[in-house]
file start.tsv (TSV, C-alpha atoms)
chain	number	residue	atom	x	y	z
A	1	MET	CA	119.56	86.05	113.78
A	2	THR	CA	116.94	84.34	111.64
A	3	VAL	CA	115.47	86.51	108.90
A	4	ARG	CA	111.70	86.13	108.98
A	5	PHE	CA	108.77	88.07	107.51
A	6	ASP	CA	105.84	86.75	109.53
A	7	GLY	CA	102.89	89.14	109.37
A	8	ARG	CA	104.48	91.17	106.58
A	9	VAL	CA	102.94	91.82	103.17
A	10	ALA	CA	105.30	92.10	100.22
A	11	ILE	CA	104.84	93.19	96.62
A	12	VAL	CA	107.41	91.86	94.16
A	13	THR	CA	107.22	93.19	90.60
A	14	GLY	CA	108.34	91.11	87.66
A	15	ALA	CA	107.92	88.06	89.89
A	16	GLY	CA	106.80	85.54	87.29
A	17	ASN	CA	110.32	84.55	86.29
A	18	GLY	CA	113.97	84.88	87.24
A	19	LEU	CA	115.01	86.96	90.20
A	20	GLY	CA	111.51	88.21	90.99
A	21	ARG	CA	110.17	84.67	91.16
A	22	CYS	CA	113.00	83.68	93.46
A	23	HIS	CA	112.44	86.74	95.68
A	24	ALA	CA	108.72	85.98	95.95
A	25	LEU	CA	109.17	82.31	96.79
A	26	GLU	CA	111.81	82.98	99.44
A	27	LEU	CA	109.79	85.77	101.07
A	28	ALA	CA	106.81	83.45	101.24
A	29	SER	CA	108.88	80.58	102.65
A	30	ARG	CA	109.92	82.94	105.46
A	31	GLY	CA	106.40	83.97	106.37
A	32	ALA	CA	105.46	86.88	104.10
A	33	LYS	CA	102.19	87.22	102.24
A	34	VAL	CA	103.18	88.04	98.66
A	35	VAL	CA	101.68	89.92	95.74
A	36	VAL	CA	103.20	88.28	92.69
A	37	ASN	CA	103.18	90.97	90.03
A	38	ASP	CA	104.03	90.13	86.45
A	39	LEU	CA	102.76	91.48	83.16
A	40	GLY	CA	103.94	88.27	81.57
A	41	GLY	CA	105.77	89.86	78.67
A	42	ALA	CA	108.94	88.84	76.89
A	43	ARG	CA	112.24	90.28	78.06
A	44	ASP	CA	111.92	93.10	75.51
A	45	GLY	CA	108.57	94.06	77.01
A	46	SER	CA	106.35	92.65	74.28
A	47	GLY	CA	103.31	90.48	74.95
A	48	ALA	CA	101.47	89.66	78.16
A	49	SER	CA	100.35	86.53	80.02
A	50	SER	CA	99.25	85.73	83.57
A	51	ALA	CA	100.48	82.13	83.46
A	52	ALA	CA	103.89	82.75	85.03
A	53	ALA	CA	102.53	84.75	87.97
A	54	GLN	CA	99.79	82.19	88.61
A	55	GLU	CA	102.38	79.41	88.67
A	56	VAL	CA	104.36	81.26	91.36
A	57	VAL	CA	101.20	81.76	93.42
A	58	ALA	CA	100.43	78.05	93.12
A	59	ALA	CA	103.96	77.21	94.28
A	60	ILE	CA	103.60	79.50	97.31
A	61	GLU	CA	100.21	78.05	98.22
A	62	ALA	CA	101.60	74.54	97.85
A	63	MET	CA	104.15	75.32	100.57
A	64	GLY	CA	101.37	76.60	102.83
A	65	GLY	CA	101.87	80.30	102.14
A	66	GLU	CA	99.53	83.09	101.03
A	67	ALA	CA	99.86	84.89	97.72
A	68	MET	CA	97.91	86.63	95.00
A	69	ALA	CA	98.77	87.37	91.39
A	70	HIS	CA	98.35	90.70	89.65
A	71	GLY	CA	99.22	91.53	86.07
A	72	ALA	CA	99.68	95.29	86.43
A	73	ASN	CA	101.92	96.97	83.89
A	74	VAL	CA	104.18	98.89	86.27
A	75	ALA	CA	104.52	101.69	83.72
A	76	LYS	CA	100.79	102.44	84.14
A	77	PHE	CA	99.98	104.11	87.45
A	78	ASP	CA	96.27	103.24	87.44
A	79	GLU	CA	97.06	99.53	87.10
A	80	VAL	CA	99.63	99.75	89.90
A	81	GLN	CA	97.10	101.53	92.13
A	82	ASP	CA	94.63	98.72	91.49
A	83	MET	CA	97.25	96.15	92.48
A	84	VAL	CA	98.05	97.94	95.74
A	85	GLN	CA	94.36	98.41	96.56
A	86	LYS	CA	93.71	94.70	96.08
A	87	ALA	CA	96.59	93.91	98.44
A	88	MET	CA	95.13	96.31	101.00
A	89	ASP	CA	91.65	94.82	100.59
A	90	LYS	CA	93.01	91.32	101.14
A	91	TRP	CA	95.62	91.87	103.85
A	92	GLY	CA	95.23	95.44	105.13
A	93	ARG	CA	98.84	96.59	104.80
A	94	VAL	CA	101.91	96.67	102.56
A	95	ASP	CA	105.28	96.39	104.28
A	96	ILE	CA	107.72	95.52	101.51
A	97	LEU	CA	108.10	96.54	97.88
A	98	ILE	CA	110.76	95.02	95.66
A	99	ASN	CA	110.92	96.93	92.38
A	100	ASN	CA	112.28	94.17	90.17
A	101	ALA	CA	110.33	94.42	86.89
A	102	GLY	CA	112.43	95.30	83.89
A	103	ILE	CA	113.03	94.84	80.18
A	104	LEU	CA	115.98	95.03	77.81
A	105	ARG	CA	116.25	96.79	74.45
A	106	ASP	CA	120.03	96.55	73.92
A	107	LYS	CA	121.64	98.37	70.99
A	108	THR	CA	124.47	100.81	70.56
A	109	PHE	CA	123.33	104.39	71.05
A	110	SER	CA	123.88	105.20	67.37
A	111	LYS	CA	121.56	102.37	66.29
A	112	MET	CA	118.98	102.71	69.05
A	113	GLU	CA	115.54	104.09	68.22
A	114	ILE	CA	114.41	106.78	70.65
A	115	GLU	CA	111.34	104.69	71.44
A	116	ASP	CA	113.60	101.87	72.69
A	117	PHE	CA	115.23	104.35	75.07
A	118	ARG	CA	111.90	105.75	76.24
A	119	LEU	CA	110.31	102.34	76.86
A	120	VAL	CA	113.22	101.10	78.97
A	121	MET	CA	113.11	104.31	81.02
A	122	ASP	CA	109.33	103.97	81.43
A	123	VAL	CA	109.47	100.41	82.75
A	124	HIS	CA	112.51	100.68	85.00
A	125	VAL	CA	112.27	104.26	86.24
A	126	MET	CA	108.58	105.16	86.05
A	127	GLY	CA	107.65	101.58	86.93
A	128	SER	CA	109.59	101.91	90.18
A	129	VAL	CA	108.23	105.42	90.75
A	130	ASN	CA	104.65	104.28	90.19
A	131	CYS	CA	104.90	101.33	92.56
A	132	THR	CA	106.72	103.34	95.21
A	133	LYS	CA	104.23	106.20	94.98
A	134	ALA	CA	101.31	103.78	95.30
A	135	VAL	CA	102.60	102.35	98.59
A	136	TRP	CA	104.32	105.45	100.04
A	137	GLU	CA	101.41	106.89	102.02
A	138	ILE	CA	100.47	103.44	103.28
A	139	MET	CA	103.98	102.98	104.64
A	140	ARG	CA	104.00	106.49	106.11
A	141	GLU	CA	100.74	105.92	107.93
A	142	GLN	CA	101.85	102.58	109.38
A	143	ASN	CA	105.32	103.98	110.18
A	144	TYR	CA	107.03	101.07	108.51
A	145	GLY	CA	108.24	100.30	105.02
A	146	ARG	CA	111.04	98.53	103.21
A	147	ILE	CA	111.65	99.36	99.56
A	148	VAL	CA	114.25	97.79	97.27
A	149	MET	CA	115.21	99.37	93.96
A	150	THR	CA	116.94	97.14	91.43
A	151	THR	CA	119.94	98.95	90.01
A	152	SER	CA	122.77	97.43	87.95
A	153	SER	CA	126.48	97.55	87.26
A	154	SER	CA	125.38	98.86	83.86
A	155	GLY	CA	124.14	101.99	85.60
A	156	LEU	CA	126.91	102.25	88.15
A	157	TYR	CA	129.76	101.72	85.68
A	158	GLY	CA	128.35	101.50	82.15
A	159	ASN	CA	128.00	98.64	79.69
A	160	PHE	CA	128.46	98.75	75.92
A	161	GLY	CA	125.10	98.71	74.13
A	162	GLN	CA	123.06	99.56	77.24
A	163	SER	CA	122.80	103.35	77.31
A	164	ASN	CA	119.04	103.16	77.95
A	165	TYR	CA	119.30	100.44	80.60
A	166	GLY	CA	122.29	102.08	82.28
A	167	ALA	CA	120.62	105.49	82.43
A	168	ALA	CA	117.48	103.96	83.94
A	169	LYS	CA	119.35	101.91	86.51
A	170	LEU	CA	121.45	104.81	87.79
A	171	ALA	CA	118.33	106.98	87.99
A	172	LEU	CA	116.99	104.55	90.59
A	173	VAL	CA	120.00	105.25	92.81
A	174	GLY	CA	119.13	108.94	92.71
A	175	LEU	CA	115.53	108.11	93.58
A	176	MET	CA	116.71	105.98	96.50
A	177	ASN	CA	118.98	108.71	97.85
A	178	THR	CA	116.14	111.21	98.19
A	179	LEU	CA	113.48	108.77	99.41
A	180	VAL	CA	115.83	107.69	102.20
A	181	GLN	CA	115.77	111.25	103.53
A	182	GLU	CA	112.03	111.72	103.11
A	183	GLY	CA	111.10	108.33	104.58
A	184	HIS	CA	113.44	108.37	107.57
A	185	LYS	CA	111.01	109.70	110.19
A	186	ASN	CA	108.45	107.04	109.29
A	187	ASP	CA	110.94	104.15	109.33
A	188	ILE	CA	110.77	103.69	105.58
A	189	ARG	CA	114.13	102.27	104.54
A	190	VAL	CA	115.12	102.32	100.88
A	191	ASN	CA	117.99	100.34	99.43
A	192	ALA	CA	119.21	99.21	96.02
A	193	LEU	CA	120.24	95.81	94.75
A	194	ALA	CA	122.74	95.43	91.90
A	195	PRO	CA	122.33	91.78	90.87
A	196	VAL	CA	124.09	89.39	88.56
A	197	ALA	CA	122.19	86.15	88.06
A	198	ALA	CA	121.43	83.54	85.44
A	199	THR	CA	118.00	84.59	84.18
A	200	ARG	CA	116.45	85.14	80.78
A	201	MET	CA	117.79	88.71	81.01
A	202	THR	CA	121.38	87.44	81.13
A	203	GLU	CA	121.23	84.13	79.27
A	204	ASP	CA	123.02	85.59	76.23
A	205	ILE	CA	125.86	87.10	78.28
A	206	PHE	CA	127.46	84.17	80.12
A	207	PRO	CA	128.87	80.91	78.73
A	208	GLN	CA	126.60	78.00	79.54
A	209	GLU	CA	129.12	76.36	81.88
A	210	LEU	CA	129.25	79.49	84.03
A	211	LEU	CA	125.51	80.08	84.24
A	212	ALA	CA	125.12	77.52	87.02
A	213	MET	CA	127.29	79.66	89.29
A	214	PHE	CA	124.98	82.65	88.93
A	215	ARG	CA	122.03	81.21	90.81
A	216	PRO	CA	119.14	83.62	91.47
A	217	GLU	CA	119.05	82.31	95.05
A	218	ALA	CA	122.41	83.96	95.72
A	219	VAL	CA	121.00	87.35	94.78
A	220	THR	CA	117.76	86.77	96.68
A	221	ALA	CA	119.75	86.20	99.87
A	222	GLY	CA	120.97	89.78	99.55
A	223	ALA	CA	117.59	91.16	98.54
A	224	LEU	CA	115.95	89.82	101.68
A	225	VAL	CA	118.59	91.48	103.85
A	226	LEU	CA	117.63	94.81	102.26
A	227	CYS	CA	113.95	94.47	103.13
A	228	HIS	CA	113.77	92.78	106.52
A	229	GLU	CA	113.08	94.50	109.83
A	230	GLU	CA	116.76	95.19	110.60
A	231	ALA	CA	117.56	96.29	107.05
A	232	PRO	CA	120.21	98.91	106.38
A	233	ASN	CA	119.30	102.19	104.70
A	234	ARG	CA	120.69	103.84	101.56
A	235	THR	CA	122.84	100.84	100.69
A	236	ILE	CA	123.73	99.62	97.21
A	237	LEU	CA	124.29	95.89	97.59
A	238	CYS	CA	125.97	94.10	94.71
A	239	ALA	CA	125.37	90.35	94.58
A	240	GLY	CA	126.14	87.50	92.21
A	241	ALA	CA	127.64	83.98	92.11
A	242	GLY	CA	128.02	84.02	95.88
A	243	GLY	CA	129.87	87.32	95.93
A	244	TYR	CA	128.54	90.29	97.93
A	245	ALA	CA	129.84	93.87	98.00
A	246	THR	CA	128.58	97.40	98.44
A	247	ALA	CA	129.00	100.26	95.98
A	248	ARG	CA	129.25	103.84	97.25
A	249	VAL	CA	129.67	107.31	95.76
A	250	PHE	CA	132.55	109.36	97.15
A	251	GLU	CA	133.59	112.96	96.48
A	252	THR	CA	137.11	114.28	96.75
A	253	GLU	CA	137.88	117.21	99.04
A	254	GLY	CA	138.91	119.24	96.00
A	255	VAL	CA	140.30	122.78	96.07
A	256	PHE	CA	139.07	126.33	96.49
A	257	LEU	CA	139.96	128.91	93.87
A	258	PRO	CA	139.32	132.60	94.70
A	259	GLY	CA	137.41	134.79	92.23
A	260	GLU	CA	140.30	135.92	90.05
A	261	GLU	CA	141.56	132.33	89.79
A	262	GLN	CA	138.25	130.79	88.71
A	263	THR	CA	139.43	130.22	85.14
A	264	PRO	CA	139.73	127.10	82.99
A	265	GLU	CA	143.50	127.43	83.13
A	266	ALA	CA	143.54	127.43	86.94
A	267	VAL	CA	141.22	124.40	87.05
A	268	VAL	CA	143.56	122.53	84.72
A	269	GLN	CA	146.55	123.49	86.85
A	270	ALA	CA	144.83	122.23	90.01
A	271	TRP	CA	143.47	119.09	88.37
A	272	ASP	CA	145.64	116.58	90.23
A	273	THR	CA	144.57	118.06	93.57
A	274	ILE	CA	140.93	118.19	92.49
A	275	CYS	CA	141.08	114.47	91.67
A	276	ASP	CA	143.13	113.45	94.72
A	277	THR	CA	141.26	110.65	96.50
A	278	GLY	CA	143.31	110.93	99.69
A	279	ARG	CA	140.65	113.00	101.44
A	280	GLN	CA	137.50	111.78	99.75
A	281	SER	CA	134.28	111.31	101.68
A	282	GLU	CA	130.74	110.01	101.25
A	283	LEU	CA	128.17	112.81	101.35
A	284	GLU	CA	124.84	111.86	102.92
A	285	ALA	CA	122.87	114.59	101.09
A	286	GLY	CA	123.33	116.98	98.17
A	287	ILE	CA	123.32	119.96	100.51
A	288	LYS	CA	126.54	118.64	102.07
A	289	GLN	CA	128.40	119.45	98.87
A	290	SER	CA	127.19	123.05	99.05
A	291	GLU	CA	128.19	123.21	102.71
A	292	LYS	CA	131.66	121.91	101.86
A	293	PHE	CA	132.26	124.47	99.12
A	294	LEU	CA	130.87	127.27	101.27
A	295	GLY	CA	133.13	126.21	104.11
A	296	GLN	CA	136.15	126.31	101.81
A	297	ALA	CA	135.22	129.79	100.64
A	298	MET	CA	134.70	131.08	104.17
A	299	ALA	CA	138.03	129.60	105.30
A	300	TRP	CA	139.77	131.40	102.46
A	301	MET	CA	138.05	134.68	103.35
A	302	LYS	CA	139.14	134.26	106.96
A	303	SER	CA	142.72	133.63	105.87
A	304	GLN	CA	142.71	136.86	103.87
A	305	LYS	CA	141.58	138.88	106.87
A	306	GLY	CA	144.11	137.27	109.20
call {"tool": "encode", "arguments": {"input": "start.tsv", "output": "structure tokens"}}
result
Amino acid sequence: MTVRFDGRVAIVTGAGNGLGRCHALELASRGAKVVVNDLGGARDGSGASSAAAQEVVAAIEAMGGEAMAHGANVAKFDEVQDMVQKAMDKWGRVDILINNAGILRDKTFSKMEIEDFRLVMDVHVMGSVNCTKAVWEIMREQNYGRIVMTTSSSGLYGNFGQSNYGAAKLALVGLMNTLVQEGHKNDIRVNALAPVAATRMTEDIFPQELLAMFRPEAVTAGALVLCHEEAPNRTILCAGAGGYATARVFETEGVFLPGEEQTPEAVVQAWDTICDTGRQSELEAGIKQSEKFLGQAMAWMKSQKG
């Protein structure tokens, strides 16, 4: 199967540099019309310039593709709405949204100013919310949409000095999980990408000799799988240096403790069974946890009557 995007319109945020630039160029090379969004700020979110986004548009047009630049700050809903409206005015639809824009304000939690935490949350979380909200009804009405959240191993597993970034990135997994359920009947598929690539966001992390292995193109290959016509749904795809894996949340079967045994001491005593991964499962919705616990309680009640 050849992955193509002919006739599709894609919005890629933070597309002036790094992964977003790579996503935009590859989508365009495979037939998509692309909105290249970039505020043009530094990696800490300061400053603004349209030069990077315009360069990407020029590169797409040079290959015979169609693109437009927009400098919306994703943390400002009115600017995002303007971007989406301009895409609709020009091409009449929006099929794909890759929420890629992000910033870093790394410090240990004890040294971090609360404003550094708030700004990172605003850009990553509210930026993704704003862009998704702006295209949601369009995708519902056309009964088609592909949305990619950009999460991170920092959110899935934690990283020293990135409490703000990690909190924001895991929040996007929670957003994905609910949007998958709400978008299902209109064929809106929502997935998350957990990338590792050599970009200005990671240039201080890897030794120079290893940076060449972490090509953005390797991550983009995964990103395009998450937003094409046959995309999966509710998948966290991890990608970097040619490696690809999925991350999933599982819950153990646990135990049921009747009323008189619902004490801290009883929980401690049952701890090994509570944590036993032998019968773990992936729950497709939060209500499934409630159903599991209710089922355990009802089974116990039945056993008492028997």
call {"tool": "residues_around", "arguments": {"input": "start.tsv", "residues": "Asn191 (chain A)", "least_positions_apart": "5", "cutoff": "9 Å", "atoms": "only C-alpha atoms", "output": "list of chain:residue names"}}
result
A:Arg146, A:Ile147, A:Val148, A:Met149, A:Thr150, A:Val173, A:Met176, A:Asn177, A:Val180, A:Leu226, A:Cys227, A:Ala231, A:Pro232, A:Asn233, A:Arg234, A:Thr235, A:Ile236, A:Leu237
call {"tool": "residues_around", "arguments": {"input": "start.tsv", "residues": "Val36 (chain A)", "least_positions_apart": "3", "cutoff": "7 Å", "atoms": "all atoms listed in the file", "output": "PDB file with C-alpha atoms, in the coordinates of the input"}}
result
ATOM      1  CA  ILE A  11     104.840  93.190  96.620  1.00  0.00           C
ATOM      2  CA  VAL A  12     107.410  91.860  94.160  1.00  0.00           C
ATOM      3  CA  THR A  13     107.220  93.190  90.600  1.00  0.00           C
ATOM      4  CA  ALA A  15     107.920  88.060  89.890  1.00  0.00           C
ATOM      5  CA  ALA A  24     108.720  85.980  95.950  1.00  0.00           C
ATOM      6  CA  ALA A  53     102.530  84.750  87.970  1.00  0.00           C
ATOM      7  CA  VAL A  57     101.200  81.760  93.420  1.00  0.00           C
ATOM      8  CA  ALA A  67      99.860  84.890  97.720  1.00  0.00           C
ATOM      9  CA  MET A  68      97.910  86.630  95.000  1.00  0.00           C
ATOM     10  CA  ALA A  69      98.770  87.370  91.390  1.00  0.00           C
ATOM     11  CA  HIS A  70      98.350  90.700  89.650  1.00  0.00           C
TER      12      HIS A  70
END
call {"tool": "residues_around", "arguments": {"input": "start.tsv", "residues": "Gln280 (chain A)", "least_positions_apart": "2", "cutoff": "10 Å", "atoms": "all atoms listed in the file", "output": "PyMOL selection string"}}
result
chain A and resi 249-254+275-278+282-283
call {"tool": "residues_around", "arguments": {"input": "start.tsv", "residues": "Leu156 (chain A)", "least_positions_apart": "6", "cutoff": "9 Å", "atoms": "only C-alpha atoms", "output": "PyMOL selection string"}}
result
chain A and resi 166+169-170+173+194+247
call {"tool": "atom_distance", "arguments": {"input": "start.tsv", "atom1": "CA of Val225 (chain A)", "atom2": "CA of Lys133 (chain A)"}}
result
22.4 Å
call {"tool": "residues_around", "arguments": {"input": "start.tsv", "residues": "Phe77 (chain A)", "least_positions_apart": "5", "cutoff": "10 Å", "atoms": "all atoms listed in the file", "output": "JSON, numbers by chain"}}
result
{"A": [72, 82, 83, 126, 127, 129, 130, 131, 133, 134]}
call {"tool": "write_last_selection", "arguments": {"input": "start.tsv", "atoms": "C-alpha atoms", "output": "tab-separated table (two decimals), in the frame of the given file"}}
result
chain	number	residue	atom	x	y	z
A	72	ALA	CA	99.68	95.29	86.43
A	82	ASP	CA	94.63	98.72	91.49
A	83	MET	CA	97.25	96.15	92.48
A	126	MET	CA	108.58	105.16	86.05
A	127	GLY	CA	107.65	101.58	86.93
A	129	VAL	CA	108.23	105.42	90.75
A	130	ASN	CA	104.65	104.28	90.19
A	131	CYS	CA	104.90	101.33	92.56
A	133	LYS	CA	104.23	106.20	94.98
A	134	ALA	CA	101.31	103.78	95.30
call {"tool": "atom_distance", "arguments": {"input": "start.tsv", "atom1": "CA of Lys107 (chain A)", "atom2": "CA of Val120 (chain A)"}}
result
11.9 Å
call {"tool": "closest_residue", "arguments": {"input": "start.tsv", "among": "A:Met139, A:Ile98, A:Ala245, A:Ala32", "to": "Glu66 (chain A)", "atoms": "all atoms listed in the file"}}
result
A:Ala32
call {"tool": "atom_distance", "arguments": {"input": "start.tsv", "atom1": "CA of Leu97 (chain A)", "atom2": "CA of Ala285 (chain A)"}}
result
23.5 Å
call {"tool": "closest_residue", "arguments": {"input": "start.tsv", "among": "A:Thr263, A:Ser163, A:Ser281, A:Ser29", "to": "Ile114 (chain A)", "atoms": "only C-alpha atoms"}}
result
A:Ser163
call {"tool": "closest_atom_pairs", "arguments": {"input": "start.tsv", "of": "region 151-224 of chain A", "to": "region 238-241 of chain A", "cutoff": "6 Å", "atoms": "all atoms listed in the file", "output": "tab-separated table"}}
result
residue	atom	partner	partner_atom	distance
A:Leu193	CA	A:Cys238	CA	6.0
A:Ala194	CA	A:Cys238	CA	4.5
A:Pro195	CA	A:Ala239	CA	5.0
A:Val196	CA	A:Gly240	CA	4.6
A:Ala197	CA	A:Gly240	CA	5.9
A:Met213	CA	A:Ala241	CA	5.2
A:Phe214	CA	A:Ala241	CA	4.4
A:Val219	CA	A:Ala239	CA	5.3
call {"tool": "write_last_selection", "arguments": {"input": "start.tsv", "atoms": "C-alpha atoms", "output": "JSON list (two decimals), keeping the file's coordinate frame"}}
result
[["chain", "number", "residue", "atom", "x", "y", "z"],
["A", 193, "LEU", "CA", 120.24, 95.81, 94.75],
["A", 194, "ALA", "CA", 122.74, 95.43, 91.90],
["A", 195, "PRO", "CA", 122.33, 91.78, 90.87],
["A", 196, "VAL", "CA", 124.09, 89.39, 88.56],
["A", 197, "ALA", "CA", 122.19, 86.15, 88.06],
["A", 213, "MET", "CA", 127.29, 79.66, 89.29],
["A", 214, "PHE", "CA", 124.98, 82.65, 88.93],
["A", 219, "VAL", "CA", 121.00, 87.35, 94.78]]
call {"tool": "axis_aligned_box", "arguments": {"input": "start.tsv", "around": "region 241-246 of chain A", "padding_each_side": "8 Å", "output": "AutoDock Vina command-line options"}}
result
--center_x 128.8 --center_y 90.7 --center_z 95.3 --size_x 18.2 --size_y 29.4 --size_z 22.3
call {"tool": "closest_residue", "arguments": {"input": "start.tsv", "among": "A:Gln81, A:Ser303, A:Asn17, A:Thr132", "to": "Gly102 (chain A)", "atoms": "only C-alpha atoms"}}
result
A:Asn17
call {"tool": "closest_residue", "arguments": {"input": "start.tsv", "among": "A:Phe160, A:Tyr165, A:Tyr144, A:Trp136", "to": "Arg118 (chain A)", "atoms": "only C-alpha atoms"}}
result
A:Tyr165
call {"tool": "closest_residue", "arguments": {"input": "start.tsv", "among": "A:Gly92, A:Gly31, A:Gly40, A:Gly183", "to": "Gly64 (chain A)", "atoms": "only C-alpha atoms"}}
result
A:Gly31
call {"tool": "decode", "arguments": {"input": "start.tsv", "residues": "region 242-303 of chain A", "atoms": "C-alpha atoms", "output": "JSON list (two decimals), in the first residue's frame"}}
result
[["chain", "number", "residue", "atom", "x", "y", "z"],
["A", 242, "GLY", "CA", 14.46, 4.00, 13.07],
["A", 243, "GLY", "CA", 12.80, 2.33, 16.03],
["A", 244, "TYR", "CA", 9.00, 2.07, 16.26],
["A", 245, "ALA", "CA", 6.89, 0.82, 19.18],
["A", 246, "THR", "CA", 3.51, 1.41, 20.77],
["A", 247, "ALA", "CA", 2.87, 2.42, 24.37],
["A", 248, "ARG", "CA", -0.32, 1.29, 26.11],
["A", 249, "VAL", "CA", -1.92, 1.68, 29.54],
["A", 250, "PHE", "CA", -2.91, -1.55, 31.27],
["A", 251, "GLU", "CA", -4.77, -2.15, 34.53],
["A", 252, "THR", "CA", -4.37, -5.19, 36.73],
["A", 253, "GLU", "CA", -7.39, -7.31, 37.63],
["A", 254, "GLY", "CA", -6.86, -6.41, 41.28],
["A", 255, "VAL", "CA", -8.90, -7.72, 44.21],
["A", 256, "PHE", "CA", -12.27, -7.16, 45.83],
["A", 257, "LEU", "CA", -12.42, -6.43, 49.54],
["A", 258, "PRO", "CA", -15.85, -6.57, 51.25],
["A", 259, "GLY", "CA", -16.99, -3.68, 53.45],
["A", 260, "GLU", "CA", -15.45, -4.73, 56.74],
["A", 261, "GLU", "CA", -12.12, -5.42, 55.00],
["A", 262, "GLN", "CA", -11.84, -2.06, 53.24],
["A", 263, "THR", "CA", -9.06, -0.84, 55.52],
["A", 264, "PRO", "CA", -5.51, 0.34, 54.86],
["A", 265, "GLU", "CA", -4.20, -2.78, 56.56],
["A", 266, "ALA", "CA", -6.18, -5.08, 54.26],
["A", 267, "VAL", "CA", -5.00, -3.15, 51.18],
["A", 268, "VAL", "CA", -1.40, -3.55, 52.32],
["A", 269, "GLN", "CA", -1.93, -7.26, 52.91],
["A", 270, "ALA", "CA", -3.39, -7.71, 49.41],
["A", 271, "TRP", "CA", -0.81, -5.49, 47.73],
["A", 272, "ASP", "CA", 1.01, -8.23, 45.80],
["A", 273, "THR", "CA", -2.28, -9.44, 44.32],
["A", 274, "ILE", "CA", -3.38, -5.88, 43.55],
["A", 275, "CYS", "CA", -0.15, -5.34, 41.60],
["A", 276, "ASP", "CA", -0.10, -8.76, 39.91],
["A", 277, "THR", "CA", 0.22, -8.19, 36.16],
["A", 278, "GLY", "CA", -0.76, -11.75, 35.26],
["A", 279, "ARG", "CA", -4.34, -10.77, 34.48],
["A", 280, "GLN", "CA", -3.92, -7.18, 33.37],
["A", 281, "SER", "CA", -5.97, -5.73, 30.54],
["A", 282, "GLU", "CA", -6.31, -2.58, 28.46],
["A", 283, "LEU", "CA", -9.54, -0.71, 29.21],
["A", 284, "GLU", "CA", -11.09, 1.07, 26.23],
["A", 285, "ALA", "CA", -12.99, 3.61, 28.37],
["A", 286, "GLY", "CA", -13.03, 4.88, 31.95],
["A", 287, "ILE", "CA", -16.45, 3.35, 32.53],
["A", 288, "LYS", "CA", -14.91, -0.10, 32.02],
["A", 289, "GLN", "CA", -13.03, 0.29, 35.30],
["A", 290, "SER", "CA", -16.30, 0.98, 37.11],
["A", 291, "GLU", "CA", -17.89, -2.01, 35.41],
["A", 292, "LYS", "CA", -14.99, -4.23, 36.49],
["A", 293, "PHE", "CA", -15.20, -3.19, 40.14],
["A", 294, "LEU", "CA", -18.98, -3.48, 40.14],
["A", 295, "GLY", "CA", -18.70, -6.94, 38.63],
["A", 296, "GLN", "CA", -16.28, -8.00, 41.36],
["A", 297, "ALA", "CA", -18.64, -6.71, 44.04],
["A", 298, "MET", "CA", -21.65, -8.46, 42.53],
["A", 299, "ALA", "CA", -19.71, -11.73, 42.23],
["A", 300, "TRP", "CA", -18.81, -11.51, 45.90],
["A", 301, "MET", "CA", -22.43, -10.82, 46.86],
["A", 302, "LYS", "CA", -23.53, -13.83, 44.83],
["A", 303, "SER", "CA", -20.96, -16.02, 46.55]]
